[in-house]
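**Q** Here it is: the structure, laid out below.
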Amino acid sequence: VETNQYDFIIVGAGSAGCVLAERLSKDGRYRILVLEAGGSDHKFWIKLPLGYGKTFYDDRVNWKFETEPDPGCNGRKSYWPRGKVLGGSSSINALVYCRGLPHDFDDWQEAGAAGWGWNDVHPHFEQLERRVSANGEVTGEGPLSVTDVSNQMHHCTENFLDAATVLGFARTRDFNGDHPEGVGSYHLTTRNGIRCSAADAFLRPAIRRENATVLTNAEVHRVIFDGTRAVGVEYVKEGQLITARAKKEIILCAGAVKSPQILQLSGVGPGEILQSHGIDVVCENKHVGGNLQDHLAINYSYRATQPTLNNQLSPWWGKVWAGLKYTSIRRGPLSLSVNQCGGFVRSSPDLDQPDMQLYFNPISYNTSSKRKVELHPFPGFLISFQPARPTSRGRIDICSPNPDVPPKIEPNYLSSQKDCDDVVRGGRLIQSFVQTESLRSLIAAPLPPDPLSYDDDSLLDDFRERAGTVFHPVSTCRMGENITSSVVNPSLTVHGTSALRVVDASAFPCITSGNTNAPTIMLAHKAADIILSAYN
Ligand SMILES: Cc1cc2nc3c(=O)[nH]c(=O)nc-3n(C[C@H](O)[C@H](O)[C@H](O)COP(=O)(O)OP(=O)(O)OC[C@H]3O[C@@H](n4cnc5c(N)ncnc54)[C@H](O)[C@@H]3O)c2cc1C
């Protein structure tokens with residue numbers, strides 16, 4: 001047997017790749033190779049939940065992409081962190097675990113992803129999760145630990161929850177339970193106060209198996225085809241270009257930015273673009289890199305009348321206290337996300353579904369320095385909204401045949417009228433929140449701008465000027481019926497090719513209402529069943 005010949009080659013050990021590595025190797029019959037461009041995740045700031053403030057700009061674990069100037073955001077470029085490390089973005093994300101709303105998946109099905117409706121995907125969420133309630137009760141036997149930290153919320157989150165009650169929004173204990181709509185605290189992918197990334201939950205058991213090989217610092221440049229059948233990949237490790245061959249399949253799990261780049265570099269994509277870079281076309285498909293969707297959110301920050309997390313985490317003695325609390329009992333602010341509370345709500349009662357996701361963070365900070373997240377040295381908090389289901393679509397395309405050159409990211413934010421209308425409705429919603437007695441009593445002063453001074457037009461102007469990505473790019477290799485509308489079929493095989501699949505956030509038919517880590521992990525979990533059943 002040639003040593004670099006495998007059954008399956010998985011490209012990227014992120015949220016999706018780790019799940020596939022675990023499930024395909026567990027079967028026992030197949031040799032699996034996992035190639036990850038980044039390095040080990042044995043790093044303090046990755047394991048410590050709040051450490052994502054440190055990995056946010058750390059190029060040792062982060063691709064640190066930047067978009068093109070975006071017309072919808074007044075020509076601003078947007079900074080796009082993505083994990084470049086075992087666990088991928090699940091190693092550097094904000095830990096919020098949200099499956100998405102049931103109708104999101106019914107909409108997937110309607111968009112041509114047969115077999116991906118809520119009733120189809122729901123059992124996969126149940127199988128992959130191990131849910132730990134606030135008092136330590138465990139439900140589910142899956143590998144991914146999802147913890148209810150509601151008993152650790154900062155006390156000022158009560159002001160937000162009370163404000164929501166006054167405005168008529170229900171409270172929910174679990175956005176992933178039977179009543180996902182309403183406000184409450186976010187559950188986190190942590191285990192005993194330590195981050196539980198996809199690498200922790202899924203890859204560790206796989207690494208121990210003899211039939212699985214996981215290589216770090218191994219960056220895939222392209223897929224090798226025999227005709228239209230994928231037979232191997234070329235990757236670079238320690239400066240050497242190496243070929244690995246797959247008897248069964250190549251599975252791209254490189255994420256929504258890199259999977260379309262790899263496909264285009266390999267000859268699958270918009271013919272004109274590929275030819276302009278001298279790449280032979282294996283399969284022409286203009287949707288490769290297209291249909292990009294993302295969530296945008298805006299923060300409204302306030303100086304607070306009461307102590308908030310700024311008081312605990314800004315001064316050195318507060319950091320020492322938080323550090324001691326963490327090391328002794330694995331609790332306190334370092335064991336949490338800053339996104340403590342929020343919810344899924346309808347900005348108008350006559351809507352069929354929640355159209356806004358909210359965040360309430362008992363802390364205020366500045367992210368404009370480009371190198372680090374700076375906490376304000378006074379008590380502060382922020383409230384934020386993100387339209388749940390934006391419709392604008394952008395693109396990601398190669399701008400060079402050189403794999404080391406990052407692709408061109410054109411988000412095309414706020415390019416649909418619906419998305420602009422959503423922004424105004426979301427802004428109005430925040431205005432009603434900050435006028436409730438519960439939040440007024442917490443506000444010492446707005447940290448400009450003050451949303452109460454805005455009319456509809458200026459709410460939208462401010463959003464274009466200040467809103468930022470919530471780091472949820474999806475759909476750049478979207479799933480659908482056929483090559484005229486999509487990149488992969490409902491079995492996630494790339495249209496017009498064989499032995500090649502894309503299994504990651506880029507395969508979403510469209511964006512889900514919430515944060516995208518949980519649905520990505522679910523997608524890979526279900527994909528493993530599809531792949532195994534094709535061979536068994
Ligand atoms: C800062 C931040 C905060 C976030 N917060 C949340 C949150 O709180 N909740 C939530 O649900 N979601 C959050 N997300 C989004 C979520 O983490 C992602 O949607 C999810 O991890 C995507 O999974 P993926 O498998 O598609 O890609 P990734 O997890 O990004 O994995 C892709 C992997 O492929 C590797 N790779 C790429 N190119 C190559 C190549 N050429 N060769 C080899 N390997 C390659 C990458 O290094 C990476 O490890 C956040 C993301 C970020 C960046």
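Here's how to read the names in the structure tokens: chain A, B, ... by the order shown, residue numbers from 1 in each chain, ligand numbers from 1 in the order shown.
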As a ChimeraX atom specification, which residues of segment 124-347 of chain A does DSSP assign to strand (DSSP E or B)?
**A** /A:129-132,138-139,144-147,171,182-185,188,190-191,194-195,212-215,218-226,229-237,240-252,268-269,283-284,292-293,296-304,341-345
**Q** Which polymer residues have any atom within 10 Å of an atom of Gly342 of chain A, counting only C-alpha atoms, with same-chain residues fewer than 5 positions away left out, as a PDB file with N, CA and C atoms, in the first residue's frame?
**A**
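Okay, this is what ended up in out22.pdb:
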ATOM      1  N   THR A 157     -27.901  41.881  33.755  1.00  0.00           N
ATOM      2  CA  THR A 157     -28.668  41.289  32.640  1.00  0.00           C
ATOM      3  C   THR A 157     -30.156  41.236  32.993  1.00  0.00           C
ATOM      4  N   PHE A 160     -32.096  43.963  31.393  1.00  0.00           N
ATOM      5  CA  PHE A 160     -32.461  43.686  29.996  1.00  0.00           C
ATOM      6  C   PHE A 160     -33.666  42.741  29.933  1.00  0.00           C
ATOM      7  N   LEU A 161     -33.625  41.692  30.736  1.00  0.00           N
ATOM      8  CA  LEU A 161     -34.708  40.705  30.687  1.00  0.00           C
ATOM      9  C   LEU A 161     -36.024  41.348  31.141  1.00  0.00           C
ATOM     10  N   ALA A 164     -37.437  43.446  28.386  1.00  0.00           N
ATOM     11  CA  ALA A 164     -38.085  42.612  27.360  1.00  0.00           C
ATOM     12  C   ALA A 164     -39.484  42.207  27.801  1.00  0.00           C
ATOM     13  N   PHE A 175     -32.799  28.486  23.984  1.00  0.00           N
ATOM     14  CA  PHE A 175     -33.052  28.788  22.567  1.00  0.00           C
ATOM     15  C   PHE A 175     -33.007  27.527  21.700  1.00  0.00           C
ATOM     16  N   GLY A 182     -37.997  34.233  22.092  1.00  0.00           N
ATOM     17  CA  GLY A 182     -38.041  34.970  23.350  1.00  0.00           C
ATOM     18  C   GLY A 182     -36.651  35.385  23.779  1.00  0.00           C
ATOM     19  N   VAL A 183     -36.538  35.885  25.007  1.00  0.00           N
ATOM     20  CA  VAL A 183     -35.228  36.330  25.508  1.00  0.00           C
ATOM     21  C   VAL A 183     -34.771  35.436  26.660  1.00  0.00           C
ATOM     22  N   GLY A 184     -33.470  35.386  26.848  1.00  0.00           N
ATOM     23  CA  GLY A 184     -32.911  34.555  27.917  1.00  0.00           C
ATOM     24  C   GLY A 184     -31.408  34.591  27.827  1.00  0.00           C
ATOM     25  N   SER A 185     -30.763  33.603  28.451  1.00  0.00           N
ATOM     26  CA  SER A 185     -29.295  33.579  28.419  1.00  0.00           C
ATOM     27  C   SER A 185     -28.835  32.537  27.397  1.00  0.00           C
ATOM     28  N   TYR A 186     -27.708  32.821  26.788  1.00  0.00           N
ATOM     29  CA  TYR A 186     -27.168  31.908  25.771  1.00  0.00           C
ATOM     30  C   TYR A 186     -26.471  30.729  26.424  1.00  0.00           C
ATOM     31  N   GLN A 357     -32.228  38.895  16.082  1.00  0.00           N
ATOM     32  CA  GLN A 357     -31.517  38.292  17.205  1.00  0.00           C
ATOM     33  C   GLN A 357     -30.916  39.432  18.021  1.00  0.00           C
ATOM     34  N   LEU A 358     -31.049  39.340  19.332  1.00  0.00           N
ATOM     35  CA  LEU A 358     -30.548  40.394  20.217  1.00  0.00           C
ATOM     36  C   LEU A 358     -29.379  39.874  21.059  1.00  0.00           C
ATOM     37  N   TYR A 359     -28.510  40.804  21.452  1.00  0.00           N
ATOM     38  CA  TYR A 359     -27.449  40.480  22.401  1.00  0.00           C
ATOM     39  C   TYR A 359     -27.469  41.543  23.484  1.00  0.00           C
ATOM     40  N   PHE A 360     -27.285  41.123  24.712  1.00  0.00           N
ATOM     41  CA  PHE A 360     -27.074  42.078  25.797  1.00  0.00           C
ATOM     42  C   PHE A 360     -25.809  41.659  26.523  1.00  0.00           C
ATOM     43  N   ASN A 361     -24.784  42.504  26.442  1.00  0.00           N
ATOM     44  CA  ASN A 361     -23.486  42.176  27.043  1.00  0.00           C
ATOM     45  C   ASN A 361     -23.227  43.123  28.205  1.00  0.00           C
ATOM     46  N   ILE A 383     -26.026  46.852  24.007  1.00  0.00           N
ATOM     47  CA  ILE A 383     -27.167  46.108  23.487  1.00  0.00           C
ATOM     48  C   ILE A 383     -27.037  46.130  21.969  1.00  0.00           C
ATOM     49  N   SER A 384     -27.396  45.023  21.348  1.00  0.00           N
ATOM     50  CA  SER A 384     -27.080  44.865  19.935  1.00  0.00           C
ATOM     51  C   SER A 384     -28.182  44.073  19.238  1.00  0.00           C
ATOM     52  N   PHE A 385     -28.406  44.377  17.968  1.00  0.00           N
ATOM     53  CA  PHE A 385     -29.336  43.526  17.211  1.00  0.00           C
ATOM     54  C   PHE A 385     -28.701  43.088  15.903  1.00  0.00           C
TER      55      PHE A 385
END
**Q** Mind checking which residues fall within 9 Å of Val149 of chain A, counting only C-alpha atoms, ignoring those fewer than 2 positions away in the same chain, and posting them as a PyMOL selection string?
**A** chain A and resi 132-134+147+151-153+185-188+336+340
**Q** Within 12 Å of Trp118 of chain A, counting only C-alpha atoms, which residues qualify if same-chain residues fewer than 4 places away don't, as a list in words?
**A** Arg99, Gly100, Leu101, Pro102, His103, Asp104, Phe105, Asp106, Asp107, Trp108, Gln109, Glu110, Ala113, Ala114, His122, Pro123, His124, Phe125, Thr512, Pro519, Met522 and Leu523 of chain A
**Q** Could you list, as a list in words, every residue within 12 Å of Lys248 of chain A, counting only C-alpha atoms and ignoring same-chain residues fewer than 5 positions away?
**A**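 Counting only C-alpha atoms, the residues come to Gln5, Tyr6, Asp7, Phe8, Ile9, Ile10, Leu24, Tyr30, Arg31, Ile32, Leu33, Arg229, Ala230, Val231, Gly232, Ser498, Ala499, Leu500, Arg501, Ile531, Leu532, Ala534 and Tyr535 of chain A.
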**Q** Since we have the selection now, will you write its residues out, keeping C-alpha atoms, as a tab-separated table (two decimals), in the first residue's frame?
**A**
chain	number	residue	atom	x	y	z
A	5	GLN	CA	-3.11	6.64	-0.12
A	6	TYR	CA	-6.27	6.87	1.96
A	7	ASP	CA	-9.96	6.14	1.63
A	8	PHE	CA	-11.12	9.63	2.59
A	9	ILE	CA	-9.18	12.87	2.69
A	10	ILE	CA	-10.72	15.61	4.82
A	24	LEU	CA	-15.75	8.28	9.40
A	30	TYR	CA	-11.61	3.28	6.29
A	31	ARG	CA	-8.26	5.05	6.37
A	32	ILE	CA	-8.77	8.76	6.91
A	33	LEU	CA	-6.36	11.63	6.33
A	229	ARG	CA	-13.39	12.45	-10.64
A	230	ALA	CA	-11.45	13.79	-7.65
A	231	VAL	CA	-8.57	11.44	-6.90
A	232	GLY	CA	-6.26	13.36	-4.60
A	498	SER	CA	-17.60	12.67	-8.50
A	499	ALA	CA	-15.79	11.66	-5.32
A	500	LEU	CA	-15.76	15.29	-4.15
A	501	ARG	CA	-17.96	16.84	-1.47
A	531	ILE	CA	-21.27	9.24	3.20
A	532	LEU	CA	-21.13	6.03	5.24
A	534	ALA	CA	-23.04	5.33	0.30
A	535	TYR	CA	-20.26	2.80	0.97
**Q** Enumerate, as a PyMOL selection string, the complete set of residues in segment 97-247 of chain A that a backbone-based DSSP assignment places in alpha helix (DSSP H).
**A** chain A and resi 102-110+118-128+157-166+198+204-207
**Q** Can you tell me which residues surround Ala206 of chain A at a distance of at most 7 Å, considering only C-alpha atoms, apart from same-chain residues fewer than 2 positions away, and format the answer as a compact mmCIF listing (two decimals) with all heavy atoms, in the first residue's frame?
**A**
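And here is the file that came out, out07.txt:
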# COMPACT_ATOMS: atom_id res chain seq x y z
N ALA A 21 -14.12 13.61 10.75
CA ALA A 21 -12.97 12.78 11.11
C ALA A 21 -13.39 11.75 12.15
O ALA A 21 -13.02 10.57 12.07
CB ALA A 21 -11.85 13.67 11.66
N GLU A 22 -14.16 12.19 13.12
CA GLU A 22 -14.61 11.28 14.18
C GLU A 22 -15.54 10.19 13.62
O GLU A 22 -15.33 9.01 13.83
CB GLU A 22 -15.32 12.11 15.26
CG GLU A 22 -16.40 11.42 16.08
CD GLU A 22 -15.90 10.28 16.96
OE1 GLU A 22 -14.68 10.08 17.04
OE2 GLU A 22 -16.75 9.58 17.53
N SER A 25 -13.88 7.78 10.92
CA SER A 25 -12.85 6.87 11.44
C SER A 25 -13.46 5.85 12.40
O SER A 25 -13.00 4.71 12.49
CB SER A 25 -11.73 7.66 12.13
OG SER A 25 -12.21 8.34 13.26
N PHE A 202 -14.81 16.18 19.11
CA PHE A 202 -14.84 15.15 18.07
C PHE A 202 -13.47 14.66 17.62
O PHE A 202 -13.30 13.47 17.35
CB PHE A 202 -15.60 15.67 16.83
CG PHE A 202 -17.03 16.06 17.12
CD1 PHE A 202 -17.38 17.38 17.39
CD2 PHE A 202 -18.03 15.10 17.13
CE1 PHE A 202 -18.69 17.73 17.67
CE2 PHE A 202 -19.35 15.44 17.40
CZ PHE A 202 -19.67 16.75 17.67
N LEU A 203 -12.51 15.59 17.50
CA LEU A 203 -11.24 15.17 16.88
C LEU A 203 -10.38 14.34 17.82
O LEU A 203 -9.72 13.39 17.37
CB LEU A 203 -10.46 16.40 16.40
CG LEU A 203 -9.32 16.10 15.45
CD1 LEU A 203 -9.84 15.57 14.12
CD2 LEU A 203 -8.46 17.33 15.20
N ARG A 204 -10.38 14.69 19.12
CA ARG A 204 -9.52 13.94 20.06
C ARG A 204 -9.73 12.43 19.98
O ARG A 204 -8.76 11.69 19.87
CB ARG A 204 -9.73 14.37 21.51
CG ARG A 204 -9.45 15.80 21.83
CD ARG A 204 -7.98 16.20 21.90
NE ARG A 204 -8.01 17.64 21.98
CZ ARG A 204 -7.54 18.47 21.07
NH1 ARG A 204 -6.87 18.03 20.04
NH2 ARG A 204 -7.69 19.76 21.18
N ARG A 208 -6.83 9.30 18.23
CA ARG A 208 -6.30 8.11 18.90
C ARG A 208 -6.46 6.84 18.06
O ARG A 208 -5.87 5.82 18.37
CB ARG A 208 -7.00 7.92 20.25
CG ARG A 208 -6.49 8.91 21.29
CD ARG A 208 -7.07 8.64 22.66
NE ARG A 208 -7.51 9.90 23.25
CZ ARG A 208 -8.75 10.23 23.51
NH1 ARG A 208 -9.73 9.37 23.28
NH2 ARG A 208 -9.05 11.41 24.02
N ARG A 209 -7.27 6.90 17.01
CA ARG A 209 -7.50 5.68 16.23
C ARG A 209 -6.39 5.47 15.20
O ARG A 209 -5.93 6.42 14.58
CB ARG A 209 -8.85 5.77 15.49
CG ARG A 209 -9.99 5.83 16.46
CD ARG A 209 -11.34 5.65 15.77
NE ARG A 209 -12.35 5.88 16.80
CZ ARG A 209 -13.18 6.92 16.83
NH1 ARG A 209 -13.20 7.78 15.84
NH2 ARG A 209 -14.02 7.05 17.83
N ALA A 212 -6.83 6.80 11.54
CA ALA A 212 -6.95 8.24 11.26
C ALA A 212 -5.60 8.92 11.40
O ALA A 212 -4.90 8.72 12.40
CB ALA A 212 -7.95 8.89 12.21
**Q** At what distance in Å, to one decimal, does atom CA of Gly278 of chain A lie from atom CA of Ala246 of chain A?
**A**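 Pair atom CA of Ala246 of chain A / atom CA of Gly278 of chain A returns 26.0 Å.
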**Q** For the contact check between segment 142-235 of chain A and segment 291-309 of chain A, emit one row per residue of segment 142-235 of chain A within 10 Å, containing the shortest atom pair and the distance in Å rounded to one decimal, counting only C-alpha atoms, chain then rising number order, as a Markdown table.
**A**
| residue | atom | partner | partner_atom | distance |
| --- | --- | --- | --- | --- |
| A:His154 | CA | A:Thr308 | CA | 7.4 |
| A:His155 | CA | A:Thr308 | CA | 8.4 |
| A:Cys156 | CA | A:Thr308 | CA | 7.1 |
| A:Thr157 | CA | A:Thr308 | CA | 9.6 |
